[in-house]
>>> print(open('model_39.cif').read())   # mmCIF, C-alpha atoms and all ligand atoms
data_input
loop_
_atom_site.group_PDB
_atom_site.id
_atom_site.type_symbol
_atom_site.label_atom_id
_atom_site.label_comp_id
_atom_site.auth_asym_id
_atom_site.auth_seq_id
_atom_site.Cartn_x
_atom_site.Cartn_y
_atom_site.Cartn_z
ATOM 1 C CA MET A 96 2.422 -19.080 1.557
ATOM 2 C CA LYS A 97 1.596 -17.567 4.938
ATOM 3 C CA ARG A 98 -1.086 -14.918 4.796
ATOM 4 C CA MET A 99 -0.072 -11.375 5.632
ATOM 5 C CA PRO A 100 -1.881 -10.201 8.808
ATOM 6 C CA LEU A 101 -5.028 -8.161 8.067
ATOM 7 C CA LEU A 102 -5.433 -9.490 4.512
ATOM 8 C CA ALA A 103 -8.212 -11.979 3.761
ATOM 9 C CA SER A 104 -6.326 -13.604 0.873
ATOM 10 C CA THR A 105 -2.845 -14.348 -0.410
ATOM 11 C CA THR A 106 -1.671 -13.082 -3.776
ATOM 12 C CA ASP A 107 -2.118 -15.475 -6.700
ATOM 13 C CA PRO A 108 1.260 -17.258 -7.049
ATOM 14 C CA ARG A 109 1.236 -16.458 -10.789
ATOM 15 C CA TRP A 110 1.533 -12.728 -10.010
ATOM 16 C CA ILE A 111 5.244 -12.956 -9.148
ATOM 17 C CA GLU A 112 5.970 -14.639 -12.502
ATOM 18 C CA VAL A 113 4.184 -11.789 -14.290
ATOM 19 C CA ALA A 114 6.079 -9.238 -12.188
ATOM 20 C CA LEU A 115 9.465 -10.863 -12.852
ATOM 21 C CA SER A 116 8.722 -10.900 -16.583
ATOM 22 C CA ASP A 117 8.718 -7.071 -16.636
ATOM 23 C CA LEU A 118 10.489 -5.726 -13.558
ATOM 24 C CA ASP A 119 10.993 -2.293 -15.104
ATOM 25 C CA ALA A 120 7.221 -1.907 -15.372
ATOM 26 C CA VAL A 121 6.895 -2.911 -11.715
ATOM 27 C CA HIS A 122 9.519 -0.367 -10.629
ATOM 28 C CA ARG A 123 7.915 2.414 -12.684
ATOM 29 C CA ASP A 124 4.523 1.676 -11.116
ATOM 30 C CA HIS A 125 6.096 1.361 -7.688
ATOM 31 C CA LEU A 126 7.503 4.907 -7.882
ATOM 32 C CA HIS A 127 3.942 6.216 -8.109
ATOM 33 C CA CYS A 128 2.710 3.868 -5.362
ATOM 34 C CA GLU A 129 5.205 5.385 -2.942
ATOM 35 C CA ARG A 130 4.307 8.928 -4.054
ATOM 36 C CA LYS A 131 0.587 8.221 -3.619
ATOM 37 C CA ALA A 132 1.209 6.683 -0.191
ATOM 38 C CA ALA A 133 2.869 9.938 0.912
ATOM 39 C CA GLN A 134 0.068 12.027 -0.574
ATOM 40 C CA SER A 135 -2.654 9.859 0.980
ATOM 41 C CA ALA A 136 -1.061 10.170 4.410
ATOM 42 C CA LEU A 137 -0.865 13.944 4.015
ATOM 43 C CA SER A 138 -4.500 14.059 2.860
ATOM 44 C CA LEU A 139 -5.406 13.004 6.414
ATOM 45 C CA VAL A 140 -3.567 16.074 7.725
ATOM 46 C CA ARG A 141 -5.704 18.206 5.430
ATOM 47 C CA SER A 142 -8.930 16.525 6.578
ATOM 48 C CA TYR A 143 -8.243 16.178 10.314
ATOM 49 C CA PRO A 144 -5.844 18.950 11.417
ATOM 50 C CA ASP A 145 -7.441 18.985 14.893
ATOM 51 C CA ARG A 146 -6.459 15.364 15.644
ATOM 52 C CA VAL A 147 -2.990 16.081 16.984
ATOM 53 C CA GLU A 148 -1.804 12.482 17.493
ATOM 54 C CA LEU A 149 -3.075 11.376 14.116
ATOM 55 C CA VAL A 150 -1.368 14.313 12.405
ATOM 56 C CA ALA A 151 1.957 13.483 14.077
ATOM 57 C CA ALA A 152 1.745 9.790 13.144
ATOM 58 C CA VAL A 153 0.712 10.240 9.516
ATOM 59 C CA ALA A 154 3.142 13.103 8.919
ATOM 60 C CA ARG A 155 5.990 10.833 10.086
ATOM 61 C CA LEU A 156 4.651 8.085 7.847
ATOM 62 C CA ALA A 157 4.469 10.462 4.863
ATOM 63 C CA HIS A 158 8.085 11.387 5.553
ATOM 64 C CA GLU A 159 9.059 7.709 5.262
ATOM 65 C CA GLU A 160 7.022 7.282 2.081
ATOM 66 C CA THR A 161 8.809 10.258 0.578
ATOM 67 C CA ALA A 162 12.120 8.577 1.433
ATOM 68 C CA HIS A 163 10.820 5.511 -0.432
ATOM 69 C CA VAL A 164 10.128 7.694 -3.479
ATOM 70 C CA VAL A 165 13.795 8.756 -3.353
ATOM 71 C CA GLN A 166 14.916 5.105 -3.064
ATOM 72 C CA VAL A 167 12.746 3.835 -5.928
ATOM 73 C CA SER A 168 13.758 6.803 -8.051
ATOM 74 C CA ALA A 169 17.422 5.880 -7.430
ATOM 75 C CA LEU A 170 16.645 2.261 -8.348
ATOM 76 C CA LEU A 171 15.133 3.369 -11.672
ATOM 77 C CA ALA A 172 18.201 5.527 -12.365
ATOM 78 C CA ARG A 173 20.573 2.660 -11.481
ATOM 79 C CA ARG A 174 18.747 0.367 -13.913
ATOM 80 C CA GLY A 175 18.618 3.029 -16.622
ATOM 81 C CA THR A 176 14.813 2.835 -16.571
ATOM 82 C CA ALA A 177 12.985 6.001 -17.576
ATOM 83 C CA PRO A 178 10.082 6.813 -15.232
ATOM 84 C CA THR A 179 6.627 7.170 -16.780
ATOM 85 C CA TRP A 180 3.340 8.833 -15.893
ATOM 86 C CA ASP A 181 1.090 7.229 -13.333
ATOM 87 C CA LEU A 182 -1.066 4.559 -14.999
ATOM 88 C CA GLY A 183 -3.857 5.201 -12.504
ATOM 89 C CA ASP A 184 -4.901 2.854 -9.746
ATOM 90 C CA ASP A 185 -8.147 0.945 -10.193
ATOM 91 C CA TYR A 186 -7.245 -1.158 -7.143
ATOM 92 C CA ALA A 187 -7.062 1.759 -4.699
ATOM 93 C CA ALA A 188 -10.023 3.518 -6.319
ATOM 94 C CA ALA A 189 -12.211 0.426 -5.874
ATOM 95 C CA LEU A 190 -11.134 0.141 -2.271
ATOM 96 C CA ARG A 191 -11.663 3.845 -1.553
ATOM 97 C CA SER A 192 -15.206 3.537 -2.904
ATOM 98 C CA LYS A 193 -15.980 1.333 0.137
ATOM 99 C CA CYS A 194 -15.407 4.266 2.530
ATOM 100 C CA ARG A 195 -18.606 5.388 4.228
ATOM 101 C CA THR A 196 -19.643 9.017 4.455
ATOM 102 C CA GLY A 197 -20.229 10.779 7.774
ATOM 103 C CA GLU A 198 -17.844 10.908 10.677
ATOM 104 C CA PRO A 199 -16.242 9.139 12.396
ATOM 105 C CA GLU A 200 -17.067 6.258 9.987
ATOM 106 C CA ARG A 201 -15.301 7.977 7.120
ATOM 107 C CA LEU A 202 -12.068 8.433 9.061
ATOM 108 C CA LEU A 203 -12.237 4.862 10.367
ATOM 109 C CA ASP A 204 -12.693 3.503 6.846
ATOM 110 C CA ARG A 205 -9.954 5.651 5.341
ATOM 111 C CA LEU A 206 -7.502 4.440 7.987
ATOM 112 C CA LEU A 207 -8.459 0.809 7.396
ATOM 113 C CA VAL A 208 -8.299 1.168 3.614
ATOM 114 C CA PHE A 209 -4.806 2.643 3.955
ATOM 115 C CA ALA A 210 -3.878 -0.217 6.311
ATOM 116 C CA LEU A 211 -5.056 -2.756 3.730
ATOM 117 C CA ILE A 212 -3.138 -1.073 0.909
ATOM 118 C CA GLU A 213 -0.022 -1.127 3.111
ATOM 119 C CA ALA A 214 -0.616 -4.803 3.917
ATOM 120 C CA ARG A 215 -1.055 -5.827 0.256
ATOM 121 C CA SER A 216 1.952 -3.727 -0.740
ATOM 122 C CA ALA A 217 4.048 -5.296 2.033
ATOM 123 C CA GLU A 218 3.020 -8.776 0.897
ATOM 124 C CA ARG A 219 3.949 -8.119 -2.728
ATOM 125 C CA LEU A 220 7.143 -6.173 -2.030
ATOM 126 C CA GLY A 221 8.134 -9.130 0.171
ATOM 127 C CA LEU A 222 7.469 -11.527 -2.722
ATOM 128 C CA LEU A 223 9.678 -9.360 -4.941
ATOM 129 C CA GLY A 224 12.351 -9.244 -2.220
ATOM 130 C CA ALA A 225 12.410 -13.043 -2.150
ATOM 131 C CA ALA A 226 12.382 -13.567 -5.925
ATOM 132 C CA ILE A 227 14.406 -10.811 -7.621
ATOM 133 C CA PRO A 228 17.779 -12.259 -8.654
ATOM 134 C CA ASP A 229 19.772 -9.010 -8.217
ATOM 135 C CA GLU A 230 20.675 -8.888 -4.529
ATOM 136 C CA ALA A 231 20.854 -5.086 -4.184
ATOM 137 C CA THR A 232 17.344 -4.720 -5.625
ATOM 138 C CA ALA A 233 15.988 -7.668 -3.634
ATOM 139 C CA SER A 234 17.349 -6.258 -0.399
ATOM 140 C CA LEU A 235 15.779 -2.855 -1.126
ATOM 141 C CA TYR A 236 12.422 -4.606 -1.604
ATOM 142 C CA ARG A 237 12.782 -6.519 1.645
ATOM 143 C CA SER A 238 13.475 -3.319 3.572
ATOM 144 C CA LEU A 239 10.524 -1.560 1.912
ATOM 145 C CA ALA A 240 8.256 -4.525 2.721
ATOM 146 C CA ALA A 241 9.238 -4.260 6.389
ATOM 147 C CA ALA A 242 8.463 -0.516 6.375
ATOM 148 C CA GLU A 243 5.023 -1.056 4.798
ATOM 149 C CA GLU A 244 4.239 -3.676 7.449
ATOM 150 C CA ARG A 245 4.989 -1.089 10.127
ATOM 151 C CA HIS A 246 2.745 1.379 8.312
ATOM 152 C CA ARG A 247 -0.052 -1.205 8.225
ATOM 153 C CA ASP A 248 0.227 -1.485 11.996
ATOM 154 C CA THR A 249 0.288 2.302 12.438
ATOM 155 C CA PHE A 250 -2.982 2.666 10.507
ATOM 156 C CA VAL A 251 -4.606 -0.227 12.382
ATOM 157 C CA GLU A 252 -3.638 1.322 15.718
ATOM 158 C CA LEU A 253 -4.991 4.712 14.656
ATOM 159 C CA ALA A 254 -8.246 3.027 13.550
ATOM 160 C CA ARG A 255 -8.573 1.273 16.900
ATOM 161 C CA GLY A 256 -8.203 4.652 18.588
ATOM 162 C CA ILE A 257 -11.139 5.983 16.567
ATOM 163 C CA SER A 258 -13.693 3.238 17.151
ATOM 164 C CA PRO A 259 -14.285 0.023 19.134
ATOM 165 C CA ASP A 260 -15.689 -1.369 15.862
ATOM 166 C CA ALA A 261 -12.316 -1.103 14.124
ATOM 167 C CA ASP A 262 -11.494 -4.826 14.106
ATOM 168 C CA ALA A 263 -14.946 -5.893 12.881
ATOM 169 C CA ARG A 264 -14.882 -3.260 10.135
ATOM 170 C CA ALA A 265 -11.320 -4.285 9.216
ATOM 171 C CA LEU A 266 -12.580 -7.812 8.579
ATOM 172 C CA GLU A 267 -15.364 -6.526 6.279
ATOM 173 C CA LEU A 268 -13.005 -4.309 4.333
ATOM 174 C CA ALA A 269 -10.379 -7.076 4.118
ATOM 175 C CA ARG A 270 -12.966 -9.323 2.452
ATOM 176 C CA ALA A 271 -13.821 -6.522 0.031
ATOM 177 C CA GLU A 272 -10.110 -6.022 -0.696
ATOM 178 C CA ALA A 273 -9.613 -9.738 -1.400
ATOM 179 C CA ASN A 274 -12.548 -9.605 -3.799
ATOM 180 C CA ILE A 275 -11.143 -6.565 -5.612
ATOM 181 C CA VAL A 276 -7.717 -8.225 -5.960
ATOM 182 C CA ALA A 277 -9.271 -11.450 -7.244
ATOM 183 C CA ASN A 278 -11.095 -9.526 -9.982
ATOM 184 C CA LEU A 279 -8.098 -7.561 -11.236
ATOM 185 C CA PRO A 280 -5.867 -8.928 -13.989
ATOM 186 C CA LEU A 281 -2.408 -10.192 -13.027
ATOM 187 C CA ARG A 282 -0.036 -7.527 -14.276
ATOM 188 C CA PRO A 283 3.512 -6.266 -13.762
ATOM 189 C CA ARG A 284 2.387 -3.679 -11.197
ATOM 190 C CA VAL A 285 2.360 -3.586 -7.421
ATOM 191 C CA HIS A 286 -1.450 -3.986 -7.370
HETATM 192 FE FE FE B 301 6.454 3.012 1.134
HETATM 193 FE FE FE B 302 3.786 2.550 3.513
#
>>> encode(input="model_39.cif", output="structure tokens")
Amino acid sequence: MKRMPLLASTTDPRWIEVALSDLDAVHRDHLHCERKAAQSALSLVRSYPDRVELVAAVARLAHEETAHVVQVSALLARRGTAPTWDLGDDYAAALRSKCRTGEPERLLDRLLVFALIEARSAERLGLLGAAIPDEATASLYRSLAAAEERHRDTFVELARGISPDADARALELARAEANIVANLPLRPRVH
């Protein structure tokens, strides 16, 4: 499998088998992933209201993530799957713990962490889009994967605008992300 740009590893091929074994669990988790993506983008508006270009870019991105919440919610309804509470996200929490304190390092790291989450999500949604037998669901996943790839690029571009060290730091955080993924169990969830 070709590695998704930015990531330092590819997903264990056994993950898709686990995901396909309980697709309803994946969809229920995915609903919260999209919601948290919107909330994370908006958290940057709260933290950096004076950065006009950043606010415009992440607000647009949050708008798209909210549209994804609507789409995944419709998918759950179509399948007759009842949504559940958020199971929490040890993956994102571990990654967020790598963010440095002090500015502009904190902003740089938050942008790169969000870029990595988008990249890993895009990779896995793409795997689902290629493997899910139901064509309507598979095609939804392919379109969501393409959107998350664009979001990855948006965050990388914003990071590059913050610091000339963005690419070097992206490499460090990508290695940390690969390590976190490798130490998590394979489960029917997006991460
Ligand atoms: Fe999304
Ligand atoms: Fe996204």
>>> atom_distance(input="model_39.cif", atom1="atom CA of Ala152 of chain A", atom2="atom CA of Ala136 of chain A")
9.2 Å
>>> closest_residue(input="model_39.cif", among="A:Ala187, A:Leu206, A:Leu139, A:Ala177", to="Leu279 of chain A", atoms="only C-alpha atoms")
A:Ala187
>>> resolve_selection(input="model_39.cif", expression="the PyMOL selection byres (((not hetatm)) within 7 of (chain B and resi 301))", output="PyMOL selection string")
chain A and resi 129+132+159-160+163+239+242-243
>>> atom_distance(input="model_39.cif", atom1="atom CA of Tyr186 of chain A", atom2="atom CA of Val276 of chain A")
7.2 Å
>>> resolve_selection(input="model_39.cif", expression="the PyMOL selection byres (((not hetatm)) within 12 of (chain B and resi 302))", output="short mmCIF file (atom, residue, chain, number, x, y, z; two decimals) with C-alpha atoms, in the coordinates of the input")
data_model
loop_
_atom_site.label_atom_id
_atom_site.label_comp_id
_atom_site.auth_asym_id
_atom_site.auth_seq_id
_atom_site.Cartn_x
_atom_site.Cartn_y
_atom_site.Cartn_z
CA HIS A 125 6.10 1.36 -7.69
CA CYS A 128 2.71 3.87 -5.36
CA GLU A 129 5.20 5.38 -2.94
CA ARG A 130 4.31 8.93 -4.05
CA LYS A 131 0.59 8.22 -3.62
CA ALA A 132 1.21 6.68 -0.19
CA ALA A 133 2.87 9.94 0.91
CA GLN A 134 0.07 12.03 -0.57
CA SER A 135 -2.65 9.86 0.98
CA ALA A 136 -1.06 10.17 4.41
CA VAL A 153 0.71 10.24 9.52
CA ALA A 154 3.14 13.10 8.92
CA ARG A 155 5.99 10.83 10.09
CA LEU A 156 4.65 8.09 7.85
CA ALA A 157 4.47 10.46 4.86
CA HIS A 158 8.09 11.39 5.55
CA GLU A 159 9.06 7.71 5.26
CA GLU A 160 7.02 7.28 2.08
CA THR A 161 8.81 10.26 0.58
CA ALA A 162 12.12 8.58 1.43
CA HIS A 163 10.82 5.51 -0.43
CA VAL A 164 10.13 7.69 -3.48
CA PHE A 209 -4.81 2.64 3.96
CA ALA A 210 -3.88 -0.22 6.31
CA LEU A 211 -5.06 -2.76 3.73
CA ILE A 212 -3.14 -1.07 0.91
CA GLU A 213 -0.02 -1.13 3.11
CA ALA A 214 -0.62 -4.80 3.92
CA ARG A 215 -1.06 -5.83 0.26
CA SER A 216 1.95 -3.73 -0.74
CA ALA A 217 4.05 -5.30 2.03
CA GLU A 218 3.02 -8.78 0.90
CA LEU A 220 7.14 -6.17 -2.03
CA SER A 238 13.48 -3.32 3.57
CA LEU A 239 10.52 -1.56 1.91
CA ALA A 240 8.26 -4.53 2.72
CA ALA A 241 9.24 -4.26 6.39
CA ALA A 242 8.46 -0.52 6.38
CA GLU A 243 5.02 -1.06 4.80
CA GLU A 244 4.24 -3.68 7.45
CA ARG A 245 4.99 -1.09 10.13
CA HIS A 246 2.74 1.38 8.31
CA ARG A 247 -0.05 -1.20 8.22
CA ASP A 248 0.23 -1.48 12.00
CA THR A 249 0.29 2.30 12.44
CA PHE A 250 -2.98 2.67 10.51
#
>>> atom_distance(input="model_39.cif", atom1="atom CA of Arg191 of chain A", atom2="atom CA of Ala120 of chain A")
24.1 Å
>>> resolve_selection(input="model_39.cif", expression="the PyMOL selection byres (((chain A and resi 235) around 10) and not hetatm)", output="PyMOL selection string")
chain A and resi 163+166-167+170+220-221+223-224+230-234+236-240
>>> write_last_selection(input="model_39.cif", atoms="C-alpha atoms", output="compact mmCIF listing (two decimals), keeping the file's coordinate frame")
# COMPACT_ATOMS: atom_id res chain seq x y z
CA HIS A 163 10.82 5.51 -0.43
CA GLN A 166 14.92 5.11 -3.06
CA VAL A 167 12.75 3.84 -5.93
CA LEU A 170 16.64 2.26 -8.35
CA LEU A 220 7.14 -6.17 -2.03
CA GLY A 221 8.13 -9.13 0.17
CA LEU A 223 9.68 -9.36 -4.94
CA GLY A 224 12.35 -9.24 -2.22
CA GLU A 230 20.68 -8.89 -4.53
CA ALA A 231 20.85 -5.09 -4.18
CA THR A 232 17.34 -4.72 -5.62
CA ALA A 233 15.99 -7.67 -3.63
CA SER A 234 17.35 -6.26 -0.40
CA TYR A 236 12.42 -4.61 -1.60
CA ARG A 237 12.78 -6.52 1.64
CA SER A 238 13.48 -3.32 3.57
CA LEU A 239 10.52 -1.56 1.91
CA ALA A 240 8.26 -4.53 2.72
>>> closest_residue(input="model_39.cif", among="A:Gly197, A:Pro100, A:Gly183, A:Pro144", to="Val285 of chain A", atoms="all atoms listed in the file")
A:Gly183
>>> closest_residue(input="model_39.cif", among="A:Gly175, A:Ser142, A:Val251, A:Leu126", to="Glu198 of chain A", atoms="all atoms listed in the file")
A:Ser142
>>> closest_residue(input="model_39.cif", among="A:Arg109, A:Val150, A:Tyr143, A:Leu182", to="Arg284 of chain A", atoms="only C-alpha atoms")
A:Leu182
>>> residues_around(input="model_39.cif", residues="segment 263-269 of chain A", least_positions_apart="2", cutoff="6 Å", atoms="all atoms listed in the file", output="PyMOL selection string")
chain A and resi 102-103+260-261+271-272
>>> closest_residue(input="model_39.cif", among="A:Pro199, A:Pro228, A:Pro178, A:Pro280", to="Ser258 of chain A", atoms="all atoms listed in the file")
A:Pro199
>>> axis_aligned_box(input="model_39.cif", around="segment 211-224 of chain A", padding_each_side="5 Å", output="AutoDock Vina command-line options")
--center_x 3.6 --center_y -6.3 --center_z -0.5 --size_x 27.4 --size_y 20.5 --size_z 18.9
>>> closest_residue(input="model_39.cif", among="A:His286, A:Arg219, A:Asp185, A:Leu207", to="Leu101 of chain A", atoms="only C-alpha atoms")
A:Leu207
>>> build_atoms(input="model_39.cif", residues="segment 160-174 of chain A", atoms="N, CA and C atoms", output="PDB file, keeping the file's coordinate frame")
ATOM      1  N   GLU A 160       7.435   7.595   3.458  1.00  0.00           N
ATOM      2  CA  GLU A 160       7.022   7.282   2.081  1.00  0.00           C
ATOM      3  C   GLU A 160       7.806   8.148   1.077  1.00  0.00           C
ATOM      4  N   THR A 161       8.035   9.388   1.465  1.00  0.00           N
ATOM      5  CA  THR A 161       8.809  10.258   0.578  1.00  0.00           C
ATOM      6  C   THR A 161      10.236   9.730   0.424  1.00  0.00           C
ATOM      7  N   ALA A 162      10.789   9.197   1.522  1.00  0.00           N
ATOM      8  CA  ALA A 162      12.120   8.577   1.433  1.00  0.00           C
ATOM      9  C   ALA A 162      12.073   7.373   0.486  1.00  0.00           C
ATOM     10  N   HIS A 163      10.943   6.649   0.485  1.00  0.00           N
ATOM     11  CA  HIS A 163      10.820   5.511  -0.432  1.00  0.00           C
ATOM     12  C   HIS A 163      10.780   5.986  -1.887  1.00  0.00           C
ATOM     13  N   VAL A 164      10.139   7.135  -2.115  1.00  0.00           N
ATOM     14  CA  VAL A 164      10.128   7.694  -3.479  1.00  0.00           C
ATOM     15  C   VAL A 164      11.570   7.941  -3.930  1.00  0.00           C
ATOM     16  N   VAL A 165      12.385   8.495  -3.029  1.00  0.00           N
ATOM     17  CA  VAL A 165      13.795   8.756  -3.353  1.00  0.00           C
ATOM     18  C   VAL A 165      14.497   7.434  -3.673  1.00  0.00           C
ATOM     19  N   GLN A 166      14.246   6.398  -2.864  1.00  0.00           N
ATOM     20  CA  GLN A 166      14.916   5.105  -3.064  1.00  0.00           C
ATOM     21  C   GLN A 166      14.497   4.446  -4.384  1.00  0.00           C
ATOM     22  N   VAL A 167      13.201   4.481  -4.694  1.00  0.00           N
ATOM     23  CA  VAL A 167      12.746   3.835  -5.928  1.00  0.00           C
ATOM     24  C   VAL A 167      13.212   4.640  -7.144  1.00  0.00           C
ATOM     25  N   SER A 168      13.250   5.960  -6.972  1.00  0.00           N
ATOM     26  CA  SER A 168      13.758   6.803  -8.051  1.00  0.00           C
ATOM     27  C   SER A 168      15.229   6.473  -8.337  1.00  0.00           C
ATOM     28  N   ALA A 169      16.007   6.253  -7.273  1.00  0.00           N
ATOM     29  CA  ALA A 169      17.422   5.880  -7.430  1.00  0.00           C
ATOM     30  C   ALA A 169      17.545   4.503  -8.091  1.00  0.00           C
ATOM     31  N   LEU A 170      16.633   3.601  -7.736  1.00  0.00           N
ATOM     32  CA  LEU A 170      16.645   2.261  -8.348  1.00  0.00           C
ATOM     33  C   LEU A 170      16.403   2.368  -9.858  1.00  0.00           C
ATOM     34  N   LEU A 171      15.412   3.178 -10.249  1.00  0.00           N
ATOM     35  CA  LEU A 171      15.133   3.369 -11.672  1.00  0.00           C
ATOM     36  C   LEU A 171      16.365   3.930 -12.379  1.00  0.00           C
ATOM     37  N   ALA A 172      17.016   4.912 -11.747  1.00  0.00           N
ATOM     38  CA  ALA A 172      18.201   5.527 -12.365  1.00  0.00           C
ATOM     39  C   ALA A 172      19.317   4.497 -12.511  1.00  0.00           C
ATOM     40  N   ARG A 173      19.507   3.676 -11.456  1.00  0.00           N
ATOM     41  CA  ARG A 173      20.573   2.660 -11.481  1.00  0.00           C
ATOM     42  C   ARG A 173      20.342   1.656 -12.608  1.00  0.00           C
ATOM     43  N   ARG A 174      19.074   1.332 -12.856  1.00  0.00           N
ATOM     44  CA  ARG A 174      18.747   0.367 -13.913  1.00  0.00           C
ATOM     45  C   ARG A 174      18.651   1.011 -15.290  1.00  0.00           C
TER      46      ARG A 174
END
